[in-house]
>>> print(open('work.csv').read())   # CSV, C-alpha atoms
chain,number,residue,atom,x,y,z
A,1,MET,CA,24.9,-4.3,24.3
A,2,LYS,CA,25.8,-3.0,20.9
A,3,VAL,CA,25.4,-5.3,18.0
A,4,THR,CA,26.4,-4.8,14.4
A,5,VAL,CA,24.7,-6.9,11.7
A,6,GLU,CA,26.2,-7.1,8.3
A,7,ILE,CA,24.0,-8.4,5.6
A,8,THR,CA,25.8,-9.4,2.3
A,9,ARG,CA,24.3,-10.5,-0.9
A,10,ARG,CA,25.6,-13.9,-2.0
A,11,PRO,CA,28.4,-13.7,-4.6
A,12,GLU,CA,26.3,-15.6,-7.2
A,13,ILE,CA,23.4,-13.1,-6.9
A,14,ALA,CA,23.7,-10.1,-9.2
A,15,ASP,CA,24.1,-6.7,-7.5
A,16,PRO,CA,22.9,-4.1,-10.1
A,17,GLN,CA,23.7,-1.3,-7.7
A,18,GLY,CA,27.3,-2.4,-7.3
A,19,THR,CA,27.7,-2.8,-11.0
A,20,THR,CA,26.4,0.7,-11.7
A,21,ILE,CA,28.7,2.2,-9.1
A,22,GLN,CA,31.7,0.3,-10.6
A,23,ARG,CA,30.8,1.8,-14.0
A,24,ALA,CA,30.7,5.3,-12.5
A,25,LEU,CA,34.1,4.8,-10.8
A,26,HIS,CA,35.6,3.6,-14.1
A,27,ASP,CA,34.0,6.6,-15.9
A,28,LEU,CA,35.9,8.8,-13.4
A,29,GLY,CA,39.2,7.1,-14.2
A,30,ASN,CA,39.4,4.7,-11.3
A,31,ASN,CA,40.2,1.8,-13.6
A,32,GLU,CA,41.9,-0.3,-10.9
A,33,VAL,CA,38.4,-1.0,-9.3
A,34,MET,CA,37.7,-4.7,-10.1
A,35,SER,CA,34.5,-5.2,-8.3
A,36,VAL,CA,31.9,-3.3,-6.3
A,37,ARG,CA,29.3,-4.9,-4.0
A,38,VAL,CA,26.9,-2.8,-1.9
A,39,ASP,CA,25.9,-4.4,1.4
A,40,ARG,CA,23.7,-3.4,4.4
A,41,VAL,CA,24.8,-2.8,8.0
A,42,ILE,CA,22.2,-2.7,10.8
A,43,HIS,CA,23.1,-1.4,14.3
A,44,LEU,CA,21.1,-2.7,17.2
A,45,GLU,CA,21.2,-2.0,20.9
A,46,MET,CA,20.2,-5.0,23.0
A,47,ALA,CA,19.1,-5.3,26.6
A,48,GLY,CA,21.1,-7.8,28.7
A,49,ASP,CA,24.8,-8.5,29.3
A,50,ASP,CA,25.2,-12.1,28.1
A,51,ALA,CA,27.1,-11.7,24.9
A,52,ALA,CA,26.5,-15.3,23.7
A,53,LEU,CA,22.8,-15.1,24.3
A,54,VAL,CA,22.6,-11.7,22.5
A,55,GLN,CA,24.6,-13.2,19.6
A,56,SER,CA,22.2,-16.1,19.3
A,57,ARG,CA,19.1,-14.0,19.6
A,58,VAL,CA,20.2,-11.6,16.9
A,59,GLU,CA,21.2,-14.5,14.6
A,60,GLU,CA,17.7,-15.8,15.1
A,61,MET,CA,16.3,-12.3,14.1
A,62,CYS,CA,18.5,-12.4,11.0
A,63,ARG,CA,17.0,-15.7,9.9
A,64,GLN,CA,13.5,-14.5,10.8
A,65,VAL,CA,13.5,-11.1,9.1
A,66,LEU,CA,16.7,-9.1,8.8
A,67,ALA,CA,18.2,-11.2,6.0
A,68,ASN,CA,16.5,-13.0,3.1
A,69,PRO,CA,17.9,-16.5,3.0
A,70,VAL,CA,17.3,-16.7,-0.8
A,71,LEU,CA,19.7,-13.9,-1.5
A,72,GLU,CA,21.8,-13.0,1.6
A,73,ASP,CA,24.3,-14.1,4.2
A,74,PHE,CA,24.8,-12.3,7.5
A,75,THR,CA,27.4,-11.8,10.2
A,76,VAL,CA,26.6,-10.7,13.8
A,77,GLU,CA,29.2,-8.8,15.9
A,78,VAL,CA,28.5,-8.1,19.6
A,79,SER,CA,30.5,-5.4,21.4
A,80,GLY,CA,30.1,-4.3,25.0
B,81,MET,CA,-17.7,-16.3,-4.3
B,82,ARG,CA,-15.8,-13.5,-2.8
B,83,THR,CA,-12.3,-12.2,-3.2
B,84,ALA,CA,-10.4,-10.4,-0.5
B,85,VAL,CA,-8.1,-7.6,-1.8
B,86,VAL,CA,-5.6,-7.0,1.0
B,87,VAL,CA,-4.5,-3.4,1.8
B,88,PHE,CA,-1.3,-2.9,3.6
B,89,PRO,CA,-0.1,0.6,4.7
B,90,GLY,CA,1.5,1.8,1.4
B,91,THR,CA,-0.6,-0.4,-1.0
B,92,ASN,CA,-1.8,1.8,-3.8
B,93,CYS,CA,-3.3,-0.5,-6.5
B,94,GLU,CA,-6.2,-1.9,-4.5
B,95,GLN,CA,-8.9,0.2,-6.2
B,96,ASP,CA,-7.6,-0.7,-9.6
B,97,VAL,CA,-7.7,-4.4,-8.7
B,98,ALA,CA,-11.2,-4.1,-7.2
B,99,TYR,CA,-12.5,-2.1,-10.2
B,100,ALA,CA,-11.0,-4.7,-12.7
B,101,LEU,CA,-12.3,-7.8,-10.9
B,102,THR,CA,-15.7,-6.2,-10.3
B,103,SER,CA,-16.0,-5.2,-14.0
B,104,LEU,CA,-15.4,-8.9,-14.8
B,105,GLY,CA,-18.2,-10.0,-12.5
B,106,GLY,CA,-16.2,-10.6,-9.3
B,107,ASP,CA,-17.4,-10.0,-5.8
B,108,VAL,CA,-14.6,-8.1,-4.1
B,109,GLU,CA,-13.9,-6.6,-0.7
B,110,LEU,CA,-11.0,-4.5,0.4
B,111,VAL,CA,-9.5,-6.0,3.6
B,112,TRP,CA,-7.1,-4.2,6.0
B,113,HIS,CA,-3.8,-6.0,6.7
B,114,ARG,CA,-4.6,-6.4,10.4
B,115,GLU,CA,-7.6,-8.6,9.6
B,116,THR,CA,-7.2,-12.1,11.1
B,117,ASP,CA,-10.2,-13.9,9.6
B,118,LEU,CA,-10.6,-14.4,5.9
B,119,SER,CA,-12.9,-17.4,6.3
B,120,ASP,CA,-15.7,-15.6,4.3
B,121,PHE,CA,-13.4,-15.4,1.2
B,122,ASP,CA,-12.7,-17.9,-1.5
B,123,GLY,CA,-9.5,-16.3,-2.8
B,124,VAL,CA,-7.2,-13.4,-2.1
B,125,VAL,CA,-5.2,-10.8,-4.1
B,126,LEU,CA,-2.2,-8.9,-2.8
B,127,PRO,CA,-2.1,-5.8,-4.9
B,128,GLY,CA,0.8,-3.5,-5.9
B,129,GLY,CA,2.2,-0.6,-4.0
B,130,PHE,CA,4.9,-0.1,-1.3
B,131,ALA,CA,3.7,-2.2,1.6
B,132,HIS,CA,5.1,-0.8,4.9
B,133,GLY,CA,7.2,1.5,2.8
B,134,ASP,CA,9.2,-1.4,1.4
B,135,TYR,CA,11.5,-0.9,4.3
B,136,LEU,CA,14.4,-3.4,4.9
B,137,ARG,CA,13.5,-5.2,1.6
B,138,THR,CA,10.4,-5.2,-0.5
B,139,GLY,CA,7.7,-7.2,1.2
B,140,ALA,CA,9.9,-8.1,4.1
B,141,ILE,CA,7.7,-6.4,6.8
B,142,ALA,CA,4.4,-7.1,5.0
B,143,ARG,CA,4.9,-10.8,5.3
B,144,PHE,CA,4.5,-10.5,9.1
B,145,SER,CA,1.3,-8.5,8.9
B,146,PRO,CA,-1.5,-10.3,10.8
B,147,VAL,CA,-3.5,-11.1,7.6
B,148,MET,CA,-0.6,-13.2,6.2
B,149,ALA,CA,-1.4,-16.1,8.4
B,150,GLU,CA,-4.8,-16.3,6.7
B,151,VAL,CA,-3.2,-15.8,3.3
B,152,GLU,CA,-0.9,-18.8,4.1
B,153,ARG,CA,-3.9,-20.9,5.2
B,154,ILE,CA,-5.8,-20.0,1.9
B,155,ALA,CA,-2.8,-20.9,-0.1
B,156,ALA,CA,-2.4,-24.3,1.8
B,157,GLN,CA,-6.0,-25.1,1.1
B,158,GLY,CA,-5.4,-24.8,-2.7
B,159,LEU,CA,-7.5,-21.7,-3.1
B,160,PRO,CA,-6.3,-19.0,-5.5
B,161,VAL,CA,-3.8,-16.4,-4.2
B,162,LEU,CA,-2.5,-13.8,-6.6
B,163,GLY,CA,0.2,-11.3,-5.9
B,164,ILE,CA,0.6,-8.4,-8.3
B,165,CYS,CA,3.9,-6.4,-8.4
B,166,ASN,CA,4.5,-5.6,-4.7
B,167,GLY,CA,2.2,-8.5,-3.9
B,168,PHE,CA,4.5,-10.8,-5.8
B,169,GLN,CA,7.4,-9.6,-3.7
B,170,VAL,CA,5.4,-10.2,-0.5
B,171,LEU,CA,4.6,-13.8,-1.6
B,172,CYS,CA,8.3,-14.5,-2.2
B,173,GLU,CA,9.3,-13.1,1.2
B,174,ALA,CA,6.6,-15.2,2.8
B,175,GLY,CA,8.0,-18.3,1.2
B,176,LEU,CA,4.7,-19.0,-0.7
B,177,LEU,CA,6.6,-18.6,-4.0
B,178,PRO,CA,10.2,-19.4,-4.7
B,179,GLY,CA,12.9,-16.9,-5.3
B,180,ALA,CA,13.1,-13.2,-4.6
B,181,LEU,CA,12.9,-9.9,-6.4
B,182,ILE,CA,15.9,-7.6,-6.7
B,183,ALA,CA,16.5,-4.2,-8.4
B,184,ASN,CA,16.1,-4.2,-12.2
B,185,ARG,CA,19.3,-5.0,-14.1
B,186,ASP,CA,19.7,-1.4,-15.3
B,187,LEU,CA,18.6,0.2,-12.1
B,188,ALA,CA,15.8,2.0,-13.9
B,189,PHE,CA,12.2,2.2,-12.6
B,190,ILE,CA,10.4,0.7,-15.6
B,191,CYS,CA,6.9,2.1,-16.4
B,192,ARG,CA,5.7,1.0,-19.8
B,193,PHE,CA,3.7,-1.6,-21.6
B,194,VAL,CA,5.5,-5.0,-22.0
B,195,ASP,CA,4.7,-7.9,-24.2
B,196,LEU,CA,4.4,-11.3,-22.5
B,197,GLU,CA,4.0,-14.9,-23.7
B,198,VAL,CA,2.0,-17.5,-21.8
B,199,VAL,CA,4.4,-20.4,-21.3
B,200,ASP,CA,2.2,-22.5,-18.8
B,201,ASN,CA,-1.5,-22.3,-18.6
B,202,GLU,CA,-2.0,-24.5,-15.6
B,203,SER,CA,-2.2,-21.8,-13.0
B,204,ILE,CA,-4.9,-19.6,-11.6
B,205,LEU,CA,-3.6,-16.6,-13.6
B,206,THR,CA,-3.1,-18.2,-17.0
B,207,ARG,CA,-5.8,-21.0,-17.2
B,208,SER,CA,-8.1,-19.0,-19.5
B,209,ALA,CA,-5.3,-18.3,-21.9
B,210,GLU,CA,-3.6,-20.5,-24.5
B,211,VAL,CA,0.1,-21.5,-24.3
B,212,GLY,CA,1.9,-19.2,-26.7
B,213,GLN,CA,-0.7,-16.4,-26.4
B,214,ARG,CA,0.7,-12.9,-26.4
B,215,ILE,CA,-0.4,-10.5,-23.6
B,216,ARG,CA,0.4,-6.8,-23.5
B,217,ILE,CA,0.0,-5.1,-20.1
B,218,PRO,CA,1.9,-2.4,-18.1
B,219,LEU,CA,5.0,-3.0,-16.1
B,220,ASN,CA,5.6,-0.5,-13.2
B,221,SER,CA,8.4,-1.5,-10.9
B,222,TYR,CA,12.0,-1.0,-9.7
B,223,GLU,CA,12.5,-4.3,-8.0
B,224,GLY,CA,11.1,-6.6,-10.7
B,225,ASN,CA,14.2,-8.7,-11.4
B,226,TRP,CA,13.3,-12.2,-10.2
B,227,VAL,CA,16.1,-14.5,-9.1
B,228,ASP,CA,15.7,-18.1,-8.1
B,229,PRO,CA,19.0,-19.6,-7.2
B,230,ARG,CA,17.5,-23.1,-6.8
B,231,SER,CA,15.6,-22.8,-10.0
B,232,THR,CA,12.4,-24.3,-8.5
B,233,GLY,CA,9.9,-21.8,-9.8
B,234,ARG,CA,7.3,-22.6,-12.4
B,235,ILE,CA,7.2,-19.7,-14.9
B,236,VAL,CA,3.8,-19.1,-16.3
B,237,LEU,CA,4.4,-15.8,-18.2
B,238,ARG,CA,7.6,-14.6,-19.7
B,239,TYR,CA,8.7,-11.2,-21.1
B,240,ILE,CA,9.4,-11.1,-24.8
B,241,ASP,CA,12.1,-8.4,-24.5
B,242,ASP,CA,13.8,-9.0,-21.2
B,243,PRO,CA,13.2,-5.5,-19.6
B,244,ASN,CA,14.6,-6.1,-16.2
B,245,GLY,CA,17.0,-9.1,-16.1
B,246,SER,CA,14.5,-11.5,-14.6
B,247,GLN,CA,15.8,-15.1,-14.5
B,248,GLN,CA,14.5,-17.0,-17.6
B,249,GLU,CA,12.6,-13.7,-18.5
B,250,ALA,CA,10.0,-14.6,-15.8
B,251,ALA,CA,7.1,-12.2,-15.6
B,252,ALA,CA,4.8,-14.4,-13.6
B,253,VAL,CA,5.7,-17.4,-11.4
B,254,ALA,CA,3.5,-20.1,-9.8
B,255,ASN,CA,4.0,-22.5,-6.9
B,256,HIS,CA,4.1,-26.2,-7.7
B,257,SER,CA,0.3,-26.6,-7.7
B,258,GLY,CA,-0.4,-23.4,-9.6
B,259,ASN,CA,-2.8,-21.9,-7.0
B,260,VAL,CA,-0.4,-19.3,-5.8
B,261,VAL,CA,0.9,-16.9,-8.5
B,262,GLY,CA,3.0,-13.8,-8.5
B,263,VAL,CA,2.9,-11.5,-11.5
B,264,MET,CA,5.2,-8.4,-11.9
B,265,PRO,CA,3.3,-6.5,-14.6
B,266,HIS,CA,-0.2,-5.2,-13.8
B,267,PRO,CA,-3.1,-7.1,-15.4
B,268,GLU,CA,-5.6,-4.8,-13.7
B,269,ARG,CA,-4.3,-1.8,-15.6
B,270,GLY,CA,-5.0,-3.5,-18.9
B,271,VAL,CA,-8.6,-4.5,-18.8
B,272,ASP,CA,-10.1,-2.1,-21.3
B,273,GLU,CA,-9.0,-0.8,-24.7
B,274,VAL,CA,-9.4,2.7,-23.3
B,275,LEU,CA,-6.4,2.0,-21.0
B,276,GLY,CA,-4.3,1.0,-24.0
B,277,SER,CA,-4.9,-2.8,-23.7
B,278,GLY,CA,-7.6,-5.2,-22.7
B,279,ASP,CA,-5.2,-8.2,-22.5
B,280,GLY,CA,-5.2,-8.3,-18.7
B,281,GLN,CA,-8.8,-9.5,-18.8
B,282,VAL,CA,-8.0,-13.0,-19.7
B,283,LEU,CA,-5.6,-13.2,-16.8
B,284,LEU,CA,-8.1,-11.9,-14.2
B,285,GLU,CA,-10.8,-14.1,-15.7
B,286,GLY,CA,-8.6,-17.0,-15.0
B,287,PHE,CA,-8.3,-15.9,-11.4
B,288,LEU,CA,-12.1,-15.5,-11.1
B,289,HIS,CA,-12.7,-18.9,-12.7
B,290,SER,CA,-10.4,-20.5,-10.1
B,291,LEU,CA,-12.6,-19.4,-7.2
B,292,VAL,CA,-14.5,-22.3,-5.7
B,293,PRO,CA,-16.5,-22.1,-2.5
B,294,ALA,CA,-14.1,-22.3,0.5
>>> encode(input="work.csv", output="structure tokens")
Amino acid sequence: MKVTVEITRRPEIADPQGTTIQRALHDLGNNEVMSVRVDRVIHLEMAGDDAALVQSRVEEMCRQVLANPVLEDFTVEVSG
Amino acid sequence: MRTAVVVFPGTNCEQDVAYALTSLGGDVELVWHRETDLSDFDGVVLPGGFAHGDYLRTGAIARFSPVMAEVERIAAQGLPVLGICNGFQVLCEAGLLPGALIANRDLAFICRFVDLEVVDNESILTRSAEVGQRIRIPLNSYEGNWVDPRSTGRIVLRYIDDPNGSQQEAAAVANHSGNVVGVMPHPERGVDEVLGSGDGQVLLEGFLHSLVPA
């Protein structure tokens, strides 16, 4: 099964990369940009066909290593 | 009394740390990250570099290296554990120190001397220094911006000029009991005037004085 993991930095944690990109967009005249955040997407291919099990296994992996609980939240999307 | 200096794939400051500790009278051995028994050692240093390529996040893969179970045991026994630069990042990922390190505020890789102030001298790194003492050693990092959303860290050294946006200008952070410390600048690169500063000596002497038989 294909799984997409999106790891997002919590809103209260600074994102220097997003801030720098926002500044560059403004420098290029895109002044309507109000905020930029850069997140991470990880694609997994998982053995098995039990979507609920795959979902919970990947969520476990997020807590174990893929996301840092001090900084980040995550979402897991399983597709066939 | 022996110190293990851990080498992960991508570590690059191990020789500097071994040289500096040895020159101060330490008995040092380099230890590969797959080692599973550090019972012959009385303390451990995680040196700087790019452990496991810093893939995923700095320190995220290194914290699962086999040696880390022994580092956690040594920390739990109250023996000295020092992480320098990338080693600091590994200790945060491992949960042995609070917080995490993100990219510097201005997204610049900072490589220059920085001035620090000792704000707490009850840690294995700062015990030989006086509170208020100024220390000048090199900083060499991109992800040196320490964040601690729960504000539980004990800051033992702070930057005078806030180079990277680190919370409360923290340059070195200790756990509650002071035996685990992470420091972002490099004391081992400032142990002789010929290197531009000898101020790192007092920090590494603190580490060596903290070694007691395991």
>>> interface_residues(input="work.csv", of="chain B", to="chain A", cutoff="8 Å", atoms="all atoms listed in the file", output="VMD selection string")
chain B and resid 136 140 to 141 173 179 to 180 183 to 187 227 to 229
>>> atom_distance(input="work.csv", atom1="CA of Val170 (chain B)", atom2="CA of Thr138 (chain B)")
7.1 Å
>>> atom_distance(input="work.csv", atom1="CA of Val124 (chain B)", atom2="CA of Leu162 (chain B)")
6.5 Å
>>> closest_residue(input="work.csv", among="B:Arg143, B:Leu237, B:Val292, B:Glu150", to="Glu210 (chain B)", atoms="all atoms listed in the file")
B:Leu237
>>> atom_distance(input="work.csv", atom1="CA of Leu196 (chain B)", atom2="CA of Glu223 (chain B)")
18.0 Å
>>> residues_around(input="work.csv", residues="region 200-209 of chain B", least_positions_apart="6", cutoff="12 Å", atoms="only C-alpha atoms", output="PDB file with C-alpha atoms, in the coordinates of the input")
ATOM      1  CA  GLY B 123      -9.500 -16.300  -2.800  1.00  0.00           C
ATOM      2  CA  VAL B 124      -7.200 -13.400  -2.100  1.00  0.00           C
ATOM      3  CA  VAL B 125      -5.200 -10.800  -4.100  1.00  0.00           C
ATOM      4  CA  ALA B 155      -2.800 -20.900  -0.100  1.00  0.00           C
ATOM      5  CA  GLY B 158      -5.400 -24.800  -2.700  1.00  0.00           C
ATOM      6  CA  LEU B 159      -7.500 -21.700  -3.100  1.00  0.00           C
ATOM      7  CA  PRO B 160      -6.300 -19.000  -5.500  1.00  0.00           C
ATOM      8  CA  VAL B 161      -3.800 -16.400  -4.200  1.00  0.00           C
ATOM      9  CA  LEU B 162      -2.500 -13.800  -6.600  1.00  0.00           C
ATOM     10  CA  GLY B 163       0.200 -11.300  -5.900  1.00  0.00           C
ATOM     11  CA  ILE B 164       0.600  -8.400  -8.300  1.00  0.00           C
ATOM     12  CA  ILE B 215      -0.400 -10.500 -23.600  1.00  0.00           C
ATOM     13  CA  GLY B 233       9.900 -21.800  -9.800  1.00  0.00           C
ATOM     14  CA  ARG B 234       7.300 -22.600 -12.400  1.00  0.00           C
ATOM     15  CA  ILE B 235       7.200 -19.700 -14.900  1.00  0.00           C
ATOM     16  CA  VAL B 236       3.800 -19.100 -16.300  1.00  0.00           C
ATOM     17  CA  LEU B 237       4.400 -15.800 -18.200  1.00  0.00           C
ATOM     18  CA  ARG B 238       7.600 -14.600 -19.700  1.00  0.00           C
ATOM     19  CA  ALA B 250      10.000 -14.600 -15.800  1.00  0.00           C
ATOM     20  CA  ALA B 251       7.100 -12.200 -15.600  1.00  0.00           C
ATOM     21  CA  ALA B 252       4.800 -14.400 -13.600  1.00  0.00           C
ATOM     22  CA  VAL B 253       5.700 -17.400 -11.400  1.00  0.00           C
ATOM     23  CA  ALA B 254       3.500 -20.100  -9.800  1.00  0.00           C
ATOM     24  CA  ASN B 255       4.000 -22.500  -6.900  1.00  0.00           C
ATOM     25  CA  HIS B 256       4.100 -26.200  -7.700  1.00  0.00           C
ATOM     26  CA  SER B 257       0.300 -26.600  -7.700  1.00  0.00           C
ATOM     27  CA  GLY B 258      -0.400 -23.400  -9.600  1.00  0.00           C
ATOM     28  CA  ASN B 259      -2.800 -21.900  -7.000  1.00  0.00           C
ATOM     29  CA  VAL B 260      -0.400 -19.300  -5.800  1.00  0.00           C
ATOM     30  CA  VAL B 261       0.900 -16.900  -8.500  1.00  0.00           C
ATOM     31  CA  GLY B 262       3.000 -13.800  -8.500  1.00  0.00           C
ATOM     32  CA  VAL B 263       2.900 -11.500 -11.500  1.00  0.00           C
ATOM     33  CA  HIS B 266      -0.200  -5.200 -13.800  1.00  0.00           C
ATOM     34  CA  PRO B 267      -3.100  -7.100 -15.400  1.00  0.00           C
ATOM     35  CA  GLU B 268      -5.600  -4.800 -13.700  1.00  0.00           C
ATOM     36  CA  ASP B 279      -5.200  -8.200 -22.500  1.00  0.00           C
ATOM     37  CA  GLY B 280      -5.200  -8.300 -18.700  1.00  0.00           C
ATOM     38  CA  GLN B 281      -8.800  -9.500 -18.800  1.00  0.00           C
ATOM     39  CA  VAL B 282      -8.000 -13.000 -19.700  1.00  0.00           C
ATOM     40  CA  LEU B 283      -5.600 -13.200 -16.800  1.00  0.00           C
ATOM     41  CA  LEU B 284      -8.100 -11.900 -14.200  1.00  0.00           C
ATOM     42  CA  GLU B 285     -10.800 -14.100 -15.700  1.00  0.00           C
ATOM     43  CA  GLY B 286      -8.600 -17.000 -15.000  1.00  0.00           C
ATOM     44  CA  PHE B 287      -8.300 -15.900 -11.400  1.00  0.00           C
ATOM     45  CA  LEU B 288     -12.100 -15.500 -11.100  1.00  0.00           C
ATOM     46  CA  HIS B 289     -12.700 -18.900 -12.700  1.00  0.00           C
ATOM     47  CA  SER B 290     -10.400 -20.500 -10.100  1.00  0.00           C
ATOM     48  CA  LEU B 291     -12.600 -19.400  -7.200  1.00  0.00           C
ATOM     49  CA  VAL B 292     -14.500 -22.300  -5.700  1.00  0.00           C
TER      50      VAL B 292
END
>>> residues_near_point(input="work.csv", point="(30.7, -1.8, -6.9)", cutoff="6 Å", atoms="only C-alpha atoms", output="list in words")
Gly18, Thr19, Ile21, Gln22, Ser35, Val36 and Arg37 of chain A
>>> residues_around(input="work.csv", residues="Asn92 (chain B)", least_positions_apart="5", cutoff="12 Å", atoms="all atoms listed in the file", output="number ranges by chain")
B: 85-87, 97-98, 110, 126-133, 164-167
>>> residues_around(input="work.csv", residues="Glu45 (chain A)", least_positions_apart="6", cutoff="10 Å", atoms="only C-alpha atoms", output="MDAnalysis selection string")
chainID A and resid 1:4 54 78:79
>>> closest_residue(input="work.csv", among="B:Ala100, B:Ala84, B:Cys172, B:Val198", to="Val151 (chain B)", atoms="only C-alpha atoms")
B:Ala84
